[in-house]
$ cat upload_27.cif   # mmCIF, C-alpha atoms
data_coords
#
loop_
_atom_site.label_atom_id
_atom_site.label_comp_id
_atom_site.auth_asym_id
_atom_site.auth_seq_id
_atom_site.Cartn_x
_atom_site.Cartn_y
_atom_site.Cartn_z
CA MET A 28 56.57 -52.99 92.03
CA LYS A 29 58.89 -55.79 93.05
CA LEU A 30 62.61 -55.21 93.28
CA ILE A 31 65.53 -57.56 92.88
CA LYS A 32 67.08 -56.86 96.24
CA ASP A 33 70.21 -58.94 95.94
CA GLN A 34 71.60 -57.01 93.01
CA GLU A 35 74.46 -54.62 93.38
CA THR A 36 75.98 -52.06 91.05
CA ASN A 37 79.59 -52.28 89.89
CA SER A 38 80.66 -50.06 92.78
CA GLY A 39 79.20 -52.59 95.20
CA MET A 40 76.37 -50.27 96.24
CA PRO A 41 72.83 -51.59 96.14
CA ARG A 42 70.81 -50.44 93.14
CA THR A 43 68.49 -47.56 93.85
CA GLU A 44 64.77 -47.97 93.62
CA ILE A 45 64.45 -45.32 90.89
CA GLU A 46 66.94 -47.15 88.68
CA ILE A 47 65.03 -50.38 88.91
CA ASP A 48 61.68 -48.69 88.55
CA ALA A 49 62.59 -46.89 85.34
CA MET A 50 63.71 -50.04 83.55
CA ASP A 51 61.01 -52.23 85.05
CA ARG A 52 58.26 -49.84 84.17
CA ILE A 53 59.37 -49.42 80.58
CA LEU A 54 59.82 -53.14 79.99
CA ALA A 55 56.69 -54.12 81.86
CA ALA A 56 54.51 -51.48 80.19
CA GLU A 57 54.24 -53.35 76.91
CA GLU A 58 51.04 -52.73 74.99
CA GLU A 59 49.17 -55.94 74.46
CA LEU A 60 49.04 -57.24 70.92
CA VAL A 61 45.62 -58.41 69.73
CA PRO A 62 45.91 -61.50 67.52
CA SER A 63 44.52 -61.02 64.02
CA SER A 64 40.92 -62.07 63.45
CA GLY A 65 41.91 -65.10 61.41
CA PHE A 66 44.36 -66.44 63.96
CA VAL A 67 42.08 -69.04 65.56
CA ALA A 68 40.86 -70.29 62.18
CA ALA A 69 44.43 -70.54 60.84
CA ALA A 70 45.66 -72.36 63.95
CA MET A 71 42.72 -74.78 63.89
CA GLU A 72 43.25 -75.43 60.19
CA ARG A 73 46.80 -76.50 60.94
CA VAL A 74 45.61 -78.65 63.84
CA ARG A 75 42.98 -80.32 61.65
CA GLU A 76 45.61 -80.98 58.98
CA GLU A 77 47.71 -82.67 61.64
CA ALA A 78 44.71 -84.65 62.84
CA ALA A 79 43.94 -85.81 59.29
CA VAL A 80 47.39 -87.34 58.87
CA PRO A 81 47.06 -91.06 59.67
CA ALA A 82 48.89 -92.21 62.75
CA PRO A 83 52.25 -93.82 62.01
CA ILE A 84 52.15 -97.61 61.71
CA PRO A 85 53.58 -99.08 64.90
CA PHE A 86 56.65 -101.28 64.58
CA PRO A 87 55.57 -104.94 64.42
CA TRP A 88 57.50 -106.09 67.48
CA LYS A 89 55.67 -109.42 67.80
CA ARG A 90 56.67 -110.46 64.30
CA ALA A 91 60.14 -108.99 64.52
CA VAL A 92 61.19 -110.53 67.83
CA PRO A 93 61.99 -114.07 66.51
CA GLY A 94 64.01 -112.59 63.65
CA LEU A 95 65.88 -110.27 66.00
CA VAL A 96 66.65 -113.12 68.40
CA LEU A 97 67.90 -115.27 65.52
CA ALA A 98 70.05 -112.41 64.17
CA ALA A 99 71.51 -111.75 67.63
CA GLY A 100 72.28 -115.48 68.00
CA VAL A 101 74.04 -115.67 64.61
CA LEU A 102 76.07 -112.53 65.36
CA GLY A 103 77.01 -113.82 68.80
CA TRP A 104 78.06 -117.17 67.39
CA GLY A 105 80.06 -115.44 64.64
CA ALA A 106 81.85 -113.24 67.17
CA TRP A 107 82.65 -116.23 69.37
CA ALA A 108 83.99 -118.21 66.37
CA ALA A 109 86.07 -115.25 65.18
CA VAL A 110 87.68 -114.81 68.58
CA ARG A 111 88.28 -118.53 68.87
CA PHE A 112 90.11 -118.75 65.52
CA ALA A 113 91.79 -115.33 65.62
CA TRP A 114 93.25 -115.69 69.11
CA PRO A 115 96.10 -118.09 68.23
CA ALA A 116 96.95 -116.03 65.13
CA LEU A 117 97.14 -112.83 67.22
CA HIS A 118 99.36 -114.62 69.67
CA GLU A 119 101.77 -115.59 66.90
CA PHE A 120 101.79 -112.04 65.52
CA ALA A 121 102.58 -110.57 68.95
CA LYS A 122 105.55 -112.91 69.33
CA SER A 123 107.21 -111.62 66.13
CA SER A 124 107.24 -107.88 67.04
CA PRO A 125 107.35 -105.53 64.03
CA GLN A 126 110.74 -104.08 63.11
CA ILE A 127 110.94 -100.28 62.88
CA PRO A 128 113.98 -98.96 61.03
CA VAL A 129 116.28 -96.92 63.32
CA ALA A 130 116.29 -94.01 60.87
CA ALA A 131 112.51 -93.66 61.16
CA VAL A 132 112.44 -93.36 64.96
CA PRO A 133 113.24 -89.59 65.23
CA ALA A 134 110.69 -88.78 62.52
CA LEU A 135 108.05 -90.82 64.34
CA GLU A 136 108.89 -89.02 67.60
CA GLU A 137 108.49 -85.63 65.93
CA ALA A 138 105.19 -86.71 64.43
CA GLY A 139 104.04 -87.73 67.90
CA TRP A 140 104.84 -84.24 69.26
CA VAL A 141 103.01 -82.61 66.35
CA VAL A 142 99.93 -84.74 67.03
CA LEU A 143 100.10 -83.88 70.74
CA ALA A 144 100.41 -80.15 69.99
CA LEU A 145 97.45 -80.31 67.61
CA ALA A 146 95.37 -82.14 70.22
CA VAL A 147 96.23 -79.56 72.91
CA SER A 148 95.38 -76.68 70.52
CA LEU A 149 92.06 -78.29 69.61
CA GLY A 150 91.26 -78.88 73.27
CA SER A 151 92.05 -75.29 74.30
CA TRP A 152 90.02 -73.91 71.38
CA MET A 153 87.03 -76.06 72.33
CA LEU A 154 87.35 -75.00 75.96
CA SER A 155 87.51 -71.30 75.10
CA MET A 156 84.47 -71.60 72.81
CA ARG A 157 82.57 -73.35 75.58
CA LEU A 158 83.51 -70.67 78.11
CA MET A 159 82.48 -67.93 75.69
CA ARG A 160 79.12 -69.57 75.15
CA ARG A 161 78.64 -69.95 78.90
CA SER A 162 79.48 -66.32 79.57
CA GLY A 163 76.99 -65.27 76.89
CA MET A 164 79.59 -63.69 74.62
CA MET A 165 78.40 -65.87 71.75
CA MET B 5 33.86 -73.00 86.27
CA THR B 6 37.52 -71.88 86.50
CA ILE B 7 39.79 -71.56 83.48
CA ASP B 8 41.75 -74.56 84.75
CA ALA B 9 38.59 -76.65 84.87
CA ILE B 10 37.55 -75.49 81.40
CA ASP B 11 41.01 -76.35 80.08
CA LEU B 12 40.86 -79.76 81.71
CA SER B 13 37.46 -80.42 80.23
CA ASP B 14 38.63 -79.37 76.74
CA VAL B 15 41.80 -81.44 77.05
CA GLY B 16 39.69 -84.47 78.01
CA ARG B 17 37.47 -83.99 74.96
CA VAL B 18 40.46 -83.56 72.64
CA LEU B 19 42.08 -86.71 73.99
CA ALA B 20 38.79 -88.54 73.46
CA GLY B 21 39.05 -87.67 69.76
CA ASP B 22 37.13 -84.39 69.50
CA THR B 23 39.60 -82.17 67.57
CA ASP B 24 37.17 -79.24 67.54
CA ALA B 25 37.39 -78.99 71.33
CA PHE B 26 40.92 -77.69 70.85
CA GLU B 27 39.44 -74.48 69.43
CA GLY B 28 38.41 -73.44 72.94
CA ILE B 29 42.02 -73.79 74.09
CA VAL B 30 43.25 -71.75 71.12
CA ARG B 31 40.67 -69.02 71.78
CA ARG B 32 41.53 -68.76 75.47
CA TRP B 33 45.30 -68.80 75.07
CA GLN B 34 45.85 -67.05 71.73
CA ARG B 35 46.51 -63.64 73.30
CA PRO B 36 49.11 -64.77 75.86
CA LEU B 37 50.91 -66.98 73.35
CA VAL B 38 50.99 -64.36 70.59
CA ASN B 39 52.15 -61.70 73.07
CA MET B 40 54.83 -63.99 74.45
CA ALA B 41 56.05 -64.69 70.90
CA TRP B 42 55.99 -60.96 70.16
CA ARG B 43 58.34 -60.34 73.06
CA TYR B 44 60.71 -62.97 71.65
CA CYS B 45 60.86 -61.51 68.12
CA ARG B 46 59.02 -58.14 68.00
CA ASP B 47 57.61 -59.04 64.61
CA ARG B 48 53.85 -59.34 64.52
CA ALA B 49 53.52 -61.74 61.57
CA ARG B 50 56.28 -63.95 62.90
CA ALA B 51 54.81 -63.89 66.41
CA GLU B 52 51.53 -65.24 65.05
CA GLU B 53 53.32 -67.93 63.06
CA MET B 54 55.30 -69.00 66.09
CA ALA B 55 52.19 -69.03 68.27
CA GLN B 56 50.40 -71.21 65.68
CA GLU B 57 53.33 -73.61 65.72
CA ALA B 58 53.13 -73.69 69.52
CA PHE B 59 49.43 -74.61 69.36
CA VAL B 60 50.12 -77.38 66.85
CA ARG B 61 52.87 -78.77 69.09
CA ALA B 62 50.54 -78.48 72.08
CA TRP B 63 47.88 -80.45 70.21
CA ARG B 64 50.44 -83.13 69.34
CA GLY B 65 51.83 -83.32 72.84
CA LEU B 66 48.56 -83.06 74.76
CA ALA B 67 48.64 -86.73 75.73
CA GLY B 68 52.06 -86.15 77.28
CA TRP B 69 50.80 -83.50 79.73
CA ARG B 70 51.03 -85.25 83.08
CA ARG B 71 48.89 -82.74 85.00
CA GLU B 72 51.70 -82.25 87.55
CA SER B 73 51.56 -78.54 86.79
CA SER B 74 48.70 -76.35 85.62
CA PHE B 75 47.79 -76.41 81.96
CA SER B 76 49.01 -72.82 81.53
CA THR B 77 52.44 -73.65 82.99
CA TRP B 78 52.77 -76.61 80.63
CA LEU B 79 51.58 -74.56 77.66
CA PHE B 80 53.94 -71.65 78.37
CA ALA B 81 56.92 -74.00 78.83
CA LEU B 82 56.10 -75.73 75.54
CA ALA B 83 55.66 -72.39 73.76
CA ALA B 84 58.99 -71.13 75.14
CA ASN B 85 60.69 -74.24 73.73
CA VAL B 86 59.06 -73.70 70.35
CA TYR B 87 60.00 -70.00 70.25
CA ARG B 88 63.56 -70.71 71.36
CA SER B 89 64.11 -73.32 68.65
CA GLU B 90 62.37 -71.18 66.01
CA LEU B 91 64.70 -68.28 66.82
CA LYS B 92 67.68 -70.60 66.67
CA ARG B 93 66.65 -71.72 63.19
CA PHE B 94 65.86 -68.22 61.94
CA PRO B 95 67.35 -65.62 64.29
CA THR B 96 65.94 -62.12 64.55
CA VAL B 97 68.10 -59.45 62.93
CA ASP B 98 70.87 -59.33 65.50
CA VAL B 99 72.29 -55.91 66.14
CA PRO B 100 75.06 -56.06 68.75
CA LEU B 101 74.04 -54.34 71.98
CA GLU B 102 77.01 -51.97 71.70
CA GLU B 103 75.72 -50.68 68.38
CA ILE B 104 72.32 -49.65 69.69
CA ALA B 105 72.48 -45.92 70.20
CA GLU B 106 70.84 -44.37 73.22
CA PRO B 107 68.42 -41.76 71.83
CA ALA B 108 69.25 -38.13 72.52
CA SER B 109 67.20 -36.13 75.02
CA PRO B 110 63.81 -35.39 73.50
CA ALA B 111 62.77 -31.89 72.50
CA ASN B 112 59.84 -30.59 74.54
CA GLN B 113 57.24 -30.45 71.79
CA TYR B 114 57.84 -34.03 70.81
CA GLU B 115 58.45 -35.30 74.31
CA ALA B 116 55.70 -37.90 74.44
CA ALA B 117 56.54 -39.34 71.01
CA ALA B 118 60.24 -39.26 71.76
CA GLU B 119 59.69 -41.02 75.08
CA GLN B 120 57.75 -43.74 73.32
CA ARG B 121 60.63 -44.13 70.91
CA ARG B 122 63.13 -44.33 73.77
CA HIS B 123 61.07 -47.07 75.35
CA GLU B 124 60.79 -48.98 72.09
CA VAL B 125 64.56 -48.79 71.62
CA LEU B 126 65.04 -50.24 75.10
CA ARG B 127 62.54 -53.04 74.41
CA ARG B 128 64.25 -53.86 71.13
CA ALA B 129 67.61 -53.78 72.87
CA VAL B 130 66.42 -56.79 74.88
CA LEU B 131 66.57 -58.77 71.62
CA ALA B 132 70.24 -57.88 71.28
CA LEU B 133 71.08 -59.61 74.55
CA PRO B 134 72.68 -63.07 74.33
CA MET B 135 69.92 -65.72 74.38
CA ARG B 136 70.78 -66.98 77.88
CA TYR B 137 70.06 -63.48 79.28
CA ARG B 138 67.42 -62.46 76.78
CA GLU B 139 64.96 -65.21 77.63
CA PRO B 140 64.85 -64.59 81.39
CA VAL B 141 64.34 -60.86 80.74
CA VAL B 142 61.59 -61.52 78.18
CA LEU B 143 59.77 -64.03 80.38
CA TYR B 144 60.20 -62.06 83.61
CA TYR B 145 58.35 -59.07 82.17
CA PHE B 146 55.89 -61.25 80.28
CA HIS B 147 54.95 -62.88 83.59
CA GLU B 148 54.53 -59.44 85.21
CA MET B 149 57.87 -59.63 87.00
CA ASP B 150 57.31 -63.02 88.60
CA VAL B 151 60.68 -64.81 88.73
CA GLY B 152 59.03 -68.09 89.77
CA ALA B 153 56.70 -68.11 86.75
CA ALA B 154 59.60 -67.26 84.42
CA ALA B 155 61.66 -70.08 85.96
CA ARG B 156 58.82 -72.60 85.54
CA THR B 157 58.37 -71.57 81.92
CA MET B 158 62.07 -72.03 81.25
CA GLY B 159 62.28 -75.22 83.30
CA LEU B 160 65.22 -73.80 85.28
CA PRO B 161 65.79 -73.23 89.01
CA GLU B 162 64.70 -69.81 90.27
CA GLY B 163 68.25 -68.97 91.38
CA THR B 164 69.62 -69.52 87.86
CA VAL B 165 66.92 -67.37 86.31
CA LYS B 166 67.47 -64.66 88.93
CA ALA B 167 71.21 -64.59 88.21
CA ARG B 168 70.73 -64.48 84.44
CA LEU B 169 68.06 -61.82 84.82
CA ALA B 170 70.42 -59.70 86.91
CA ARG B 171 73.17 -60.04 84.29
CA GLY B 172 70.77 -59.20 81.43
CA ARG B 173 69.52 -56.13 83.25
CA GLU B 174 73.07 -55.12 84.05
CA LEU B 175 73.99 -55.27 80.34
CA LEU B 176 70.96 -53.14 79.48
CA ARG B 177 71.77 -50.63 82.19
CA LYS B 178 75.33 -50.29 80.90
CA ARG B 179 73.97 -49.64 77.42
CA PHE B 180 71.40 -47.12 78.69
CA PRO B 181 73.20 -45.23 81.47
CA HIS B 182 70.92 -42.17 81.20
CA LEU B 183 67.75 -44.19 81.57
CA ASN B 184 67.01 -42.88 85.04
CA GLU B 185 67.44 -39.24 84.22
CA THR B 186 64.56 -39.09 81.81
CA GLY B 187 63.08 -42.55 82.03
CA ALA B 188 61.21 -42.29 85.29
CA GLN B 189 58.58 -39.73 84.27
CA GLY B 190 58.03 -41.14 80.80
CA ALA B 191 58.03 -44.67 82.12
CA ASN B 192 55.13 -43.89 84.41
CA ALA B 193 53.13 -42.58 81.47
CA ALA B 194 54.02 -45.66 79.43
CA LEU B 195 52.96 -47.93 82.28
CA ARG B 196 49.60 -46.18 82.44
CA THR B 197 49.16 -46.52 78.66
CA GLY B 198 50.10 -50.19 78.82
CA ARG B 199 47.74 -50.93 81.68
CA GLU B 200 44.89 -49.12 79.93
CA ALA B 201 45.53 -51.17 76.81
CA LEU B 202 45.35 -54.35 78.86
CA ARG B 203 41.92 -53.46 80.26
#

$ encode --input "upload_27.cif" --output "C-alpha cells"
Amino acid sequence: MKLIKDQETNSGMPRTEIEIDAMDRILAAEEELVPSSGFVAAAMERVREEAAVPAPIPFPWKRAVPGLVLAAGVLGWGAWAAVRFAWPALHEFAKSSPQIPVAAVPALEEAGWVVLALAVSLGSWMLSMRLMRRSGMM
Amino acid sequence: MTIDAIDLSDVGRVLAGDTDAFEGIVRRWQRPLVNMAWRYCRDRARAEEMAQEAFVRAWRGLAGWRRESSFSTWLFALAANVYRSELKRFPTVDVPLEEIAEPASPANQYEAAAEQRRHEVLRRAVLALPMRYREPVVLYYFHEMDVGAAARTMGLPEGTVKARLARGRELLRKRFPHLNETGAQGANAALRTGREALR
C-alpha cells in the first residue's frame, strides 16, 4: 500500500498509516463492474453508423484562392481610399472642438464616477468568482 | 504478442479502412472504460453510455494518436475528457459534501452489511467533491493508487494531481472523522472482496 508521505494533518502532524490505509482500502476495493453482454455490439453499431456517414467535403481552396485574393485586394483598396478621403475631413472636425454646455459638466463627471464604480464592482465580482472556482468552492 | 502490439495491429487495420478491426479494441478495453466511467458517475446505465461515447470518439480520433504514449494512456486520457464533458453537460445528482451523513456504528448482527453500506457512502461521497478534487481521487484509485498514471490520464503535472488529491482526501477525512475507528477492519474485508471480484 503506497502512502502520500508529504501530507500533514491540520495540526501539522504527519498522517498516520492507519488513517491512510482505511480510506485507501475502502476506495481502492471497488468491485469491478462487468459490462452488459450487448455492450460491444452497441458500441460497434455506433462506430459503424459513424463510419457510414460520408466524409465532409473538403473546402475547395484551389478554386477559392483567386476569389479570396481579389476580395482582399478590393477591401484593401477601399480601406486605403476611405482613409485618404476621410483624413482631411477628420482634421477639420478636430479643429472645431465640440462645445459642451457648462451646466452639463458636473452631470457628466458624476456619470463618469458611476461608470467607474460599476466597472470596479464588476471586476471584483469576476475576481471573487474566479477565486471561488479555483479553490473548488464552486 | 503483447496487448500493446495487438492494439497497434488493430489500430493499423482500422486506419487502413477495416472498421470491424475496432471491435477487438472495444472488447479489450470495454471493462476498464466502463469501470472508469462508473467511478465518475456511479450509475451503471450511464457508465455504459459514456464508455460507448468514449469508444466512438476514440474511433474518430484514432488518426490523431501520435504514438508518443501507449495506446492505453491515450485511450484513458480521451475517455477522461469525454466523461468530464458529459458530466458537465448532465451533472450527477449533486449532494453537498456537508449533507452526507456519516452512518452510525453498525449493530453486530448486521456488521458486514453495515460496513458495506459505510463504504458505499464514502465512495459516493467522492462524487460530492468539487470536480477539480473529484477527478484526481477517482483516477488515483482507478489506476490502483498510481499518481503518475492519474496525472497522465488528466494531462496534468504529477505535482498538481498530488496536491489536488491531498485536498480531496482531506475534505473526505473531515466529512468522515470516525473512518479509522471502524473502517480499518471492514476495509480489509472489502479489499479482499474487491480483489476476489477482480480475479

$ interface_residues --input "upload_27.cif" --of "chain A" --to "chain B" --cutoff "6 Å" --atoms "all atoms listed in the file" --output "VMD selection string"
chain A and resid 46 49 52 to 53 55 to 58 60 70 74 163

$ atom_distance --input "upload_27.cif" --atom1 "atom CA of Glu139 of chain B" --atom2 "atom CA of Thr77 of chain B"
16.0 Å

$ closest_residue --input "upload_27.cif" --among "B:Ala83, B:Arg179, B:Pro140, B:Asp11" --to "Glu162 of chain B" --atoms "only C-alpha atoms"
B:Pro140

$ atom_distance --input "upload_27.cif" --atom1 "atom CA of Met71 of chain A" --atom2 "atom CA of Arg156 of chain B"
27.1 Å

$ atom_distance --input "upload_27.cif" --atom1 "atom CA of Ala67 of chain B" --atom2 "atom CA of Val86 of chain B"
17.5 Å

$ resolve_selection --input "upload_27.cif" --expression "the PyMOL selection byres ((chain B and resi 73) around 12)" --output "PyMOL selection string"
chain B and resi 8+12+69-72+74-81+153+156-157+159
